[in-house]
Every structure is written in structure tokens, then in C-alpha cells.
Amino acid sequence: MKKIGILGGVGWASTVDYYRAIAEGAGRYFAERGHGSPLPIPPMTIESVTQARTRALRGVPEDEASWAAFDAVFREALLTLQNAECDFAIIASNTPHARLHAIRKGVSMPILSIFDATAEATGSTGASKALVLGTTVTMQATNYADRLAVEGITANRRLPEPEIAEMQAMIDSDFYGGASDTAHARLLTFCDKHATPGTAILLACTELPLAFPDHLDDPVFEADGHLFINPSAAHVSAALKEALV
């Protein structure tokens, strides 16, 4: 098995779920093949950054220089994983993937993109439209839209800034450290407002899928009248495929 490096901490609750999902997914893989207990899991190293710090270092859209300090924190974490002899890495967060082109400079270890894994999962549904939900950085960027277009899927036009701010506030208040008692209902209200029939809704912040505890390991699922894509689960699936070959 290949050793997985997990860059986590943004936020910690989804990092915990990444570790759990990889361990349980590997367990199912070996159990199905008749392996006895204890079931093997891939070796893993987690390098956790501090979310309060990385949030403060976010730059300005379309101003590359303003992101230098943000990029450096994640690059340093990836280099730590590389020095720990990880065969490849995953970043357990959507937001820094928007900066992956810069973060990975000087890193020779492969990094699995959450955009690729999510776009492929969305393409498997046959949906032609997608609504991308996530942090301010994710919703202001075009990374998901660009990658979805390769699969023949049209992402939503950029939502008005007040709507993007509402989603960021929801993530900060209802999804920090896990999903609050009101998280599910509040998220559904937002989805009902912005998703047209037949739209695949990308839960493109790794905390958002925590509102659906019965579907944490499902890259694609239907709930409450909507078709959802769980990028975290799609990312984990890609990591397991790479680690267990």
C-alpha cells in the first residue's frame, strides 16, 4: 500500500472524517477480499495547519501576490508530508485547492485534486447543471466551473456577494467543529432557493457533508428532494484507489 499524506486542519472536523473514511474504506476493501482481522489500512501522516491563521492570510481574487503568505503555509505543510515519505497527498479542504497551482510549486510528491474527483463523480450522474456551494474563495473562483465543463456540465453563474457571504457565515457558525442542530435546515433553505430541478449540488466545503451523516461515504446521493455531490467522499475514494493499487 502507498502511504497517504493528509494536509488537514481546515477545518479539523472534516480532517477527522477523512481519516475515518479512509480507514473504514480500506477495511471494507480487504474484508470483501477475505482478509482476516485486524484489517489493514494505508499508512498515513497528517500535517494539520491552523485555520485561524490561514483564514487571516487569504488574499484578494485575481491578485496573485496577495496570496503568497497563504500559499507558503500550505506548501510548507506539503513539504513536511513529502519529507515524511508519503507517496502522495490529499488536502482535506476545498478552499486551498483554488491555489493548488501555486501551492504545489517545489513539491514533487503527487497531490490528488478534489476538483478532478468531484467533477468525475458529478459526470457519473448524467446531470447537466451544477450548483457549487462552499467558502467565499471557492464560490468566487471558477475552478469547479472550469473542471465541470470538461465533463459537459454547466456550473451556476457566480452568486451575488451577499449570497456568497451568507454561505460563508453559515459555514463559520453552523459547521465549525461539525454540523450544528440547525445546519441541515439552514443548508436546505439555501439549496431550495438556488438549485433548479435537475441540478447537482456540490457540497464543496468539506464541512457541508457533515449535515448528512447517513451519506458521509457517498460521493453521490439524493436527499430532501435534491441530488448532492459529496466532494470529500469522492476525494477519499480517489485516495483509496491510488493507495490500494
# chains A, B, ... in the order shown; residues from 1 in each chain; ligands from 1
call {"tool": "select_by_dssp", "arguments": {"residues": "range 31-139 of chain A", "states": "strand (DSSP E or B)", "output": "JSON, numbers by chain"}}
result
{"A": [44, 45, 46, 47, 48, 88, 89, 90, 91, 111, 112, 129, 130, 131, 132, 133]}
call {"tool": "closest_atom_pairs", "arguments": {"of": "range 120-164 of chain A", "to": "range 97-101 of chain A", "cutoff": "8 Å", "atoms": "only C-alpha atoms", "output": "tab-separated table"}}
result
residue	atom	partner	partner_atom	distance
A:Val137	CA	A:Ala98	CA	7.5
A:Thr138	CA	A:Ala98	CA	6.8
A:Ala141	CA	A:Ala98	CA	7.0
A:Asn143	CA	A:Ala98	CA	6.4
call {"tool": "residues_around", "arguments": {"residues": "range 77-84 of chain A", "least_positions_apart": "4", "cutoff": "7 Å", "atoms": "only C-alpha atoms", "output": "VMD selection string"}}
result
chain A and resid 5 7 45 47 73 107 109
call {"tool": "write_last_selection", "arguments": {"atoms": "N, CA and C atoms", "output": "mmCIF file, in the first residue's frame"}}
result
data_model
loop_
_atom_site.group_PDB
_atom_site.id
_atom_site.type_symbol
_atom_site.label_atom_id
_atom_site.label_comp_id
_atom_site.auth_asym_id
_atom_site.auth_seq_id
_atom_site.Cartn_x
_atom_site.Cartn_y
_atom_site.Cartn_z
ATOM 1 N N GLY A 5 -0.430 11.130 2.589
ATOM 2 C CA GLY A 5 -0.251 12.329 3.386
ATOM 3 C C GLY A 5 -1.539 13.132 3.376
ATOM 4 N N LEU A 7 -3.152 16.690 4.407
ATOM 5 C CA LEU A 7 -2.981 18.058 4.880
ATOM 6 C C LEU A 7 -4.333 18.497 5.421
ATOM 7 N N THR A 45 0.134 9.960 7.284
ATOM 8 C CA THR A 45 0.681 11.030 8.111
ATOM 9 C C THR A 45 -0.205 12.252 7.913
ATOM 10 N N GLU A 47 -0.595 16.305 8.537
ATOM 11 C CA GLU A 47 0.017 17.591 8.882
ATOM 12 C C GLU A 47 -1.122 18.607 8.981
ATOM 13 N N VAL A 73 2.131 28.676 3.577
ATOM 14 C CA VAL A 73 1.744 27.814 4.697
ATOM 15 C C VAL A 73 1.409 26.415 4.200
ATOM 16 N N VAL A 107 7.021 21.193 -4.899
ATOM 17 C CA VAL A 107 6.616 19.921 -4.285
ATOM 18 C C VAL A 107 6.612 18.854 -5.383
ATOM 19 N N MET A 109 6.006 15.513 -4.798
ATOM 20 C CA MET A 109 5.044 14.469 -4.446
ATOM 21 C C MET A 109 3.710 14.726 -5.148
#
call {"tool": "select_by_dssp", "arguments": {"residues": "range 36-234 of chain A", "states": "alpha helix (DSSP H)", "output": "mmCIF file with C-alpha atoms, in the first residue's frame"}}
result
data_model
loop_
_atom_site.group_PDB
_atom_site.id
_atom_site.type_symbol
_atom_site.label_atom_id
_atom_site.label_comp_id
_atom_site.auth_asym_id
_atom_site.auth_seq_id
_atom_site.Cartn_x
_atom_site.Cartn_y
_atom_site.Cartn_z
ATOM 1 C CA GLN A 51 -7.441 27.503 10.307
ATOM 2 C CA ALA A 52 -7.466 30.846 12.123
ATOM 3 C CA ARG A 53 -4.053 31.588 10.636
ATOM 4 C CA THR A 54 -4.830 30.506 7.081
ATOM 5 C CA ARG A 55 -8.118 32.435 7.089
ATOM 6 C CA ALA A 56 -6.260 35.611 8.051
ATOM 7 C CA ALA A 68 1.904 34.482 -1.254
ATOM 8 C CA ALA A 69 1.761 34.003 2.523
ATOM 9 C CA PHE A 70 -1.329 31.758 2.284
ATOM 10 C CA ASP A 71 0.335 29.607 -0.367
ATOM 11 C CA ALA A 72 3.524 29.336 1.687
ATOM 12 C CA VAL A 73 1.744 27.814 4.697
ATOM 13 C CA PHE A 74 0.239 25.032 2.618
ATOM 14 C CA ARG A 75 3.418 24.482 0.610
ATOM 15 C CA GLU A 76 5.405 24.072 3.830
ATOM 16 C CA ALA A 77 2.845 21.537 5.093
ATOM 17 C CA LEU A 78 3.043 19.553 1.856
ATOM 18 C CA LEU A 79 6.828 19.535 2.022
ATOM 19 C CA THR A 80 6.593 18.180 5.569
ATOM 20 C CA LEU A 81 4.443 15.325 4.258
ATOM 21 C CA GLN A 82 6.851 14.781 1.403
ATOM 22 C CA ASN A 83 9.754 14.596 3.861
ATOM 23 C CA LEU A 100 -3.090 24.458 -5.863
ATOM 24 C CA HIS A 101 -1.298 25.766 -8.957
ATOM 25 C CA ALA A 102 0.839 27.945 -6.673
ATOM 26 C CA ILE A 103 0.919 25.809 -3.530
ATOM 27 C CA ILE A 114 -10.549 17.355 -5.211
ATOM 28 C CA PHE A 115 -11.745 19.156 -8.353
ATOM 29 C CA ASP A 116 -10.950 16.161 -10.557
ATOM 30 C CA ALA A 117 -12.536 13.629 -8.205
ATOM 31 C CA THR A 118 -15.672 15.732 -7.773
ATOM 32 C CA ALA A 119 -16.122 16.512 -11.466
ATOM 33 C CA GLU A 120 -15.853 12.826 -12.342
ATOM 34 C CA ALA A 121 -18.412 11.908 -9.671
ATOM 35 C CA THR A 122 -20.762 14.634 -10.936
ATOM 36 C CA GLY A 123 -20.329 13.451 -14.507
ATOM 37 C CA THR A 136 -16.049 32.630 -0.263
ATOM 38 C CA VAL A 137 -12.853 31.589 -2.037
ATOM 39 C CA THR A 138 -14.469 28.528 -3.616
ATOM 40 C CA MET A 139 -17.620 30.345 -4.720
ATOM 41 C CA GLN A 140 -15.756 33.327 -6.154
ATOM 42 C CA ASN A 143 -12.001 26.189 -10.663
ATOM 43 C CA TYR A 144 -15.027 23.959 -10.212
ATOM 44 C CA ALA A 145 -16.851 25.518 -13.175
ATOM 45 C CA ASP A 146 -13.835 25.017 -15.415
ATOM 46 C CA ARG A 147 -13.346 21.384 -14.407
ATOM 47 C CA LEU A 148 -17.067 20.580 -14.605
ATOM 48 C CA ALA A 149 -17.152 21.995 -18.135
ATOM 49 C CA VAL A 150 -14.737 19.241 -19.187
ATOM 50 C CA GLU A 161 -21.790 38.708 -2.982
ATOM 51 C CA PRO A 162 -24.444 38.832 -0.214
ATOM 52 C CA GLU A 163 -25.398 35.228 -1.038
ATOM 53 C CA ILE A 164 -21.757 34.136 -1.010
ATOM 54 C CA ALA A 165 -21.293 35.923 2.326
ATOM 55 C CA GLU A 166 -24.358 34.134 3.694
ATOM 56 C CA MET A 167 -22.871 30.755 2.794
ATOM 57 C CA GLN A 168 -19.535 31.659 4.392
ATOM 58 C CA ALA A 169 -21.327 32.797 7.538
ATOM 59 C CA MET A 170 -23.281 29.541 7.589
ATOM 60 C CA ILE A 171 -20.056 27.535 7.350
ATOM 61 C CA ASP A 172 -18.474 29.566 10.147
ATOM 62 C CA SER A 173 -21.424 29.384 12.522
ATOM 63 C CA ASP A 174 -23.216 26.100 11.764
ATOM 64 C CA ALA A 183 -27.118 23.244 9.979
ATOM 65 C CA HIS A 184 -29.191 20.804 7.947
ATOM 66 C CA ALA A 185 -32.282 23.008 7.784
ATOM 67 C CA ARG A 186 -30.315 26.166 7.055
ATOM 68 C CA LEU A 187 -28.372 24.490 4.252
ATOM 69 C CA LEU A 188 -31.540 23.087 2.698
ATOM 70 C CA THR A 189 -33.159 26.525 2.710
ATOM 71 C CA PHE A 190 -30.206 27.844 0.722
ATOM 72 C CA CYS A 191 -30.368 24.901 -1.696
ATOM 73 C CA ASP A 192 -34.120 25.298 -2.219
ATOM 74 C CA LYS A 193 -33.546 28.949 -3.074
ATOM 75 C CA HIS A 194 -30.745 28.474 -5.601
ATOM 76 C CA PRO A 231 -16.545 16.086 -2.830
ATOM 77 C CA SER A 232 -14.975 14.759 0.372
ATOM 78 C CA ALA A 233 -16.234 11.230 -0.303
ATOM 79 C CA ALA A 234 -15.185 11.454 -3.960
#
call {"tool": "atom_distance", "arguments": {"atom1": "CA of Met44 in chain A", "atom2": "CA of Gly8 in chain A"}}
result
12.1 Å
call {"tool": "atom_distance", "arguments": {"atom1": "CA of Gly225 in chain A", "atom2": "CA of Pro197 in chain A"}}
result
9.2 Å
call {"tool": "residues_around", "arguments": {"residues": "range 126-132 of chain A", "least_positions_apart": "6", "cutoff": "8 Å", "atoms": "only C-alpha atoms", "output": "PyMOL selection string"}}
result
chain A and resi 139+144+152-156+194-195+198-204
call {"tool": "write_last_selection", "arguments": {"atoms": "all heavy atoms", "output": "mmCIF file, in the first residue's frame"}}
result
data_model
loop_
_atom_site.group_PDB
_atom_site.id
_atom_site.type_symbol
_atom_site.label_atom_id
_atom_site.label_comp_id
_atom_site.auth_asym_id
_atom_site.auth_seq_id
_atom_site.Cartn_x
_atom_site.Cartn_y
_atom_site.Cartn_z
ATOM 1 N N MET A 139 -16.479 29.855 -3.946
ATOM 2 C CA MET A 139 -17.620 30.345 -4.720
ATOM 3 C C MET A 139 -17.263 31.522 -5.615
ATOM 4 O O MET A 139 -17.954 31.788 -6.600
ATOM 5 C CB MET A 139 -18.777 30.692 -3.781
ATOM 6 C CG MET A 139 -19.360 29.459 -3.089
ATOM 7 S SD MET A 139 -20.709 29.824 -1.932
ATOM 8 C CE MET A 139 -22.030 30.273 -3.056
ATOM 9 N N TYR A 144 -14.042 25.024 -10.062
ATOM 10 C CA TYR A 144 -15.027 23.959 -10.212
ATOM 11 C C TYR A 144 -15.751 24.096 -11.552
ATOM 12 O O TYR A 144 -15.962 23.102 -12.262
ATOM 13 C CB TYR A 144 -16.029 23.968 -9.056
ATOM 14 C CG TYR A 144 -15.643 23.024 -7.937
ATOM 15 C CD1 TYR A 144 -15.352 23.507 -6.664
ATOM 16 C CD2 TYR A 144 -15.575 21.652 -8.156
ATOM 17 C CE1 TYR A 144 -14.997 22.639 -5.636
ATOM 18 C CE2 TYR A 144 -15.222 20.790 -7.130
ATOM 19 C CZ TYR A 144 -14.932 21.287 -5.873
ATOM 20 O OH TYR A 144 -14.574 20.419 -4.871
ATOM 21 N N GLY A 152 -18.850 18.276 -19.461
ATOM 22 C CA GLY A 152 -20.078 18.683 -20.128
ATOM 23 C C GLY A 152 -21.136 19.219 -19.188
ATOM 24 O O GLY A 152 -22.328 19.209 -19.520
ATOM 25 N N ILE A 153 -20.712 19.706 -18.025
ATOM 26 C CA ILE A 153 -21.650 20.195 -17.009
ATOM 27 C C ILE A 153 -21.469 21.704 -16.843
ATOM 28 O O ILE A 153 -20.340 22.196 -16.733
ATOM 29 C CB ILE A 153 -21.401 19.487 -15.663
ATOM 30 C CG1 ILE A 153 -21.559 17.969 -15.821
ATOM 31 C CG2 ILE A 153 -22.337 20.021 -14.581
ATOM 32 C CD1 ILE A 153 -21.002 17.182 -14.665
ATOM 33 N N THR A 154 -22.584 22.430 -16.803
ATOM 34 C CA THR A 154 -22.544 23.884 -16.644
ATOM 35 C C THR A 154 -22.777 24.257 -15.189
ATOM 36 O O THR A 154 -23.826 23.921 -14.621
ATOM 37 C CB THR A 154 -23.611 24.555 -17.517
ATOM 38 O OG1 THR A 154 -23.404 24.198 -18.892
ATOM 39 C CG2 THR A 154 -23.548 26.067 -17.377
ATOM 40 N N ALA A 155 -21.814 24.915 -14.584
ATOM 41 C CA ALA A 155 -21.966 25.367 -13.203
ATOM 42 C C ALA A 155 -22.768 26.659 -13.167
ATOM 43 O O ALA A 155 -22.897 27.369 -14.172
ATOM 44 C CB ALA A 155 -20.597 25.587 -12.569
ATOM 45 N N ASN A 156 -23.298 26.962 -12.004
ATOM 46 C CA ASN A 156 -24.064 28.187 -11.824
ATOM 47 C C ASN A 156 -23.209 29.414 -12.074
ATOM 48 O O ASN A 156 -21.985 29.390 -11.905
ATOM 49 C CB ASN A 156 -24.608 28.258 -10.397
ATOM 50 C CG ASN A 156 -23.497 28.250 -9.344
ATOM 51 O OD1 ASN A 156 -22.899 27.202 -9.097
ATOM 52 N ND2 ASN A 156 -23.219 29.390 -8.736
ATOM 53 N N HIS A 194 -31.666 28.268 -4.478
ATOM 54 C CA HIS A 194 -30.745 28.474 -5.601
ATOM 55 C C HIS A 194 -30.643 27.307 -6.591
ATOM 56 O O HIS A 194 -30.112 27.497 -7.688
ATOM 57 C CB HIS A 194 -29.346 28.788 -5.070
ATOM 58 C CG HIS A 194 -29.260 30.084 -4.332
ATOM 59 N ND1 HIS A 194 -29.321 31.300 -4.961
ATOM 60 C CD2 HIS A 194 -29.136 30.353 -3.002
ATOM 61 C CE1 HIS A 194 -29.220 32.265 -4.060
ATOM 62 N NE2 HIS A 194 -29.103 31.720 -2.863
ATOM 63 N N ALA A 195 -31.116 26.139 -6.226
ATOM 64 C CA ALA A 195 -30.974 24.980 -7.113
ATOM 65 C C ALA A 195 -32.248 24.750 -7.914
ATOM 66 O O ALA A 195 -33.323 24.565 -7.345
ATOM 67 C CB ALA A 195 -30.631 23.731 -6.307
ATOM 68 N N GLY A 198 -33.101 19.224 -11.402
ATOM 69 C CA GLY A 198 -32.082 18.544 -12.199
ATOM 70 C C GLY A 198 -30.672 19.017 -11.941
ATOM 71 O O GLY A 198 -29.726 18.553 -12.593
ATOM 72 N N THR A 199 -30.496 19.927 -10.984
ATOM 73 C CA THR A 199 -29.173 20.460 -10.672
ATOM 74 C C THR A 199 -28.461 19.573 -9.662
ATOM 75 O O THR A 199 -29.046 19.180 -8.648
ATOM 76 C CB THR A 199 -29.277 21.885 -10.101
ATOM 77 O OG1 THR A 199 -29.861 22.747 -11.087
ATOM 78 C CG2 THR A 199 -27.917 22.424 -9.707
ATOM 79 N N ALA A 200 -27.208 19.261 -9.922
ATOM 80 C CA ALA A 200 -26.379 18.558 -8.948
ATOM 81 C C ALA A 200 -25.768 19.600 -8.015
ATOM 82 O O ALA A 200 -25.131 20.547 -8.473
ATOM 83 C CB ALA A 200 -25.279 17.771 -9.651
ATOM 84 N N ILE A 201 -25.971 19.443 -6.713
ATOM 85 C CA ILE A 201 -25.479 20.404 -5.737
ATOM 86 C C ILE A 201 -24.169 19.900 -5.157
ATOM 87 O O ILE A 201 -24.124 18.849 -4.515
ATOM 88 C CB ILE A 201 -26.501 20.637 -4.613
ATOM 89 C CG1 ILE A 201 -27.837 21.124 -5.187
ATOM 90 C CG2 ILE A 201 -25.961 21.639 -3.600
ATOM 91 C CD1 ILE A 201 -28.935 21.243 -4.152
ATOM 92 N N LEU A 202 -23.089 20.647 -5.397
ATOM 93 C CA LEU A 202 -21.785 20.272 -4.883
ATOM 94 C C LEU A 202 -21.600 20.853 -3.481
ATOM 95 O O LEU A 202 -21.609 22.076 -3.294
ATOM 96 C CB LEU A 202 -20.668 20.790 -5.801
ATOM 97 C CG LEU A 202 -20.295 19.941 -7.015
ATOM 98 C CD1 LEU A 202 -21.491 19.724 -7.940
ATOM 99 C CD2 LEU A 202 -19.126 20.569 -7.766
ATOM 100 N N LEU A 203 -21.439 19.980 -2.499
ATOM 101 C CA LEU A 203 -21.184 20.394 -1.123
ATOM 102 C C LEU A 203 -19.683 20.650 -0.997
ATOM 103 O O LEU A 203 -18.946 19.911 -0.338
ATOM 104 C CB LEU A 203 -21.666 19.315 -0.157
ATOM 105 C CG LEU A 203 -23.161 18.983 -0.249
ATOM 106 C CD1 LEU A 203 -23.504 17.790 0.641
ATOM 107 C CD2 LEU A 203 -24.015 20.196 0.136
ATOM 108 N N ALA A 204 -19.232 21.717 -1.675
ATOM 109 C CA ALA A 204 -17.815 21.953 -1.910
ATOM 110 C C ALA A 204 -17.119 22.723 -0.796
ATOM 111 O O ALA A 204 -16.303 23.625 -1.036
ATOM 112 C CB ALA A 204 -17.630 22.656 -3.253
#
call {"tool": "closest_residue", "arguments": {"among": "A:Cys86, A:Asp218, A:Phe228, A:Ile91", "to": "Tyr19 in chain A", "atoms": "only C-alpha atoms"}}
result
A:Ile91
call {"tool": "atom_distance", "arguments": {"atom1": "CA of Trp12 in chain A", "atom2": "CA of Pro209 in chain A"}}
result
13.9 Å
call {"tool": "residues_around", "arguments": {"residues": "range 22-37 of chain A", "least_positions_apart": "2", "cutoff": "9 Å", "atoms": "only C-alpha atoms", "output": "MDAnalysis selection string"}}
result
chainID A and resid 17:20 39:42 217 236:237 239:240 244
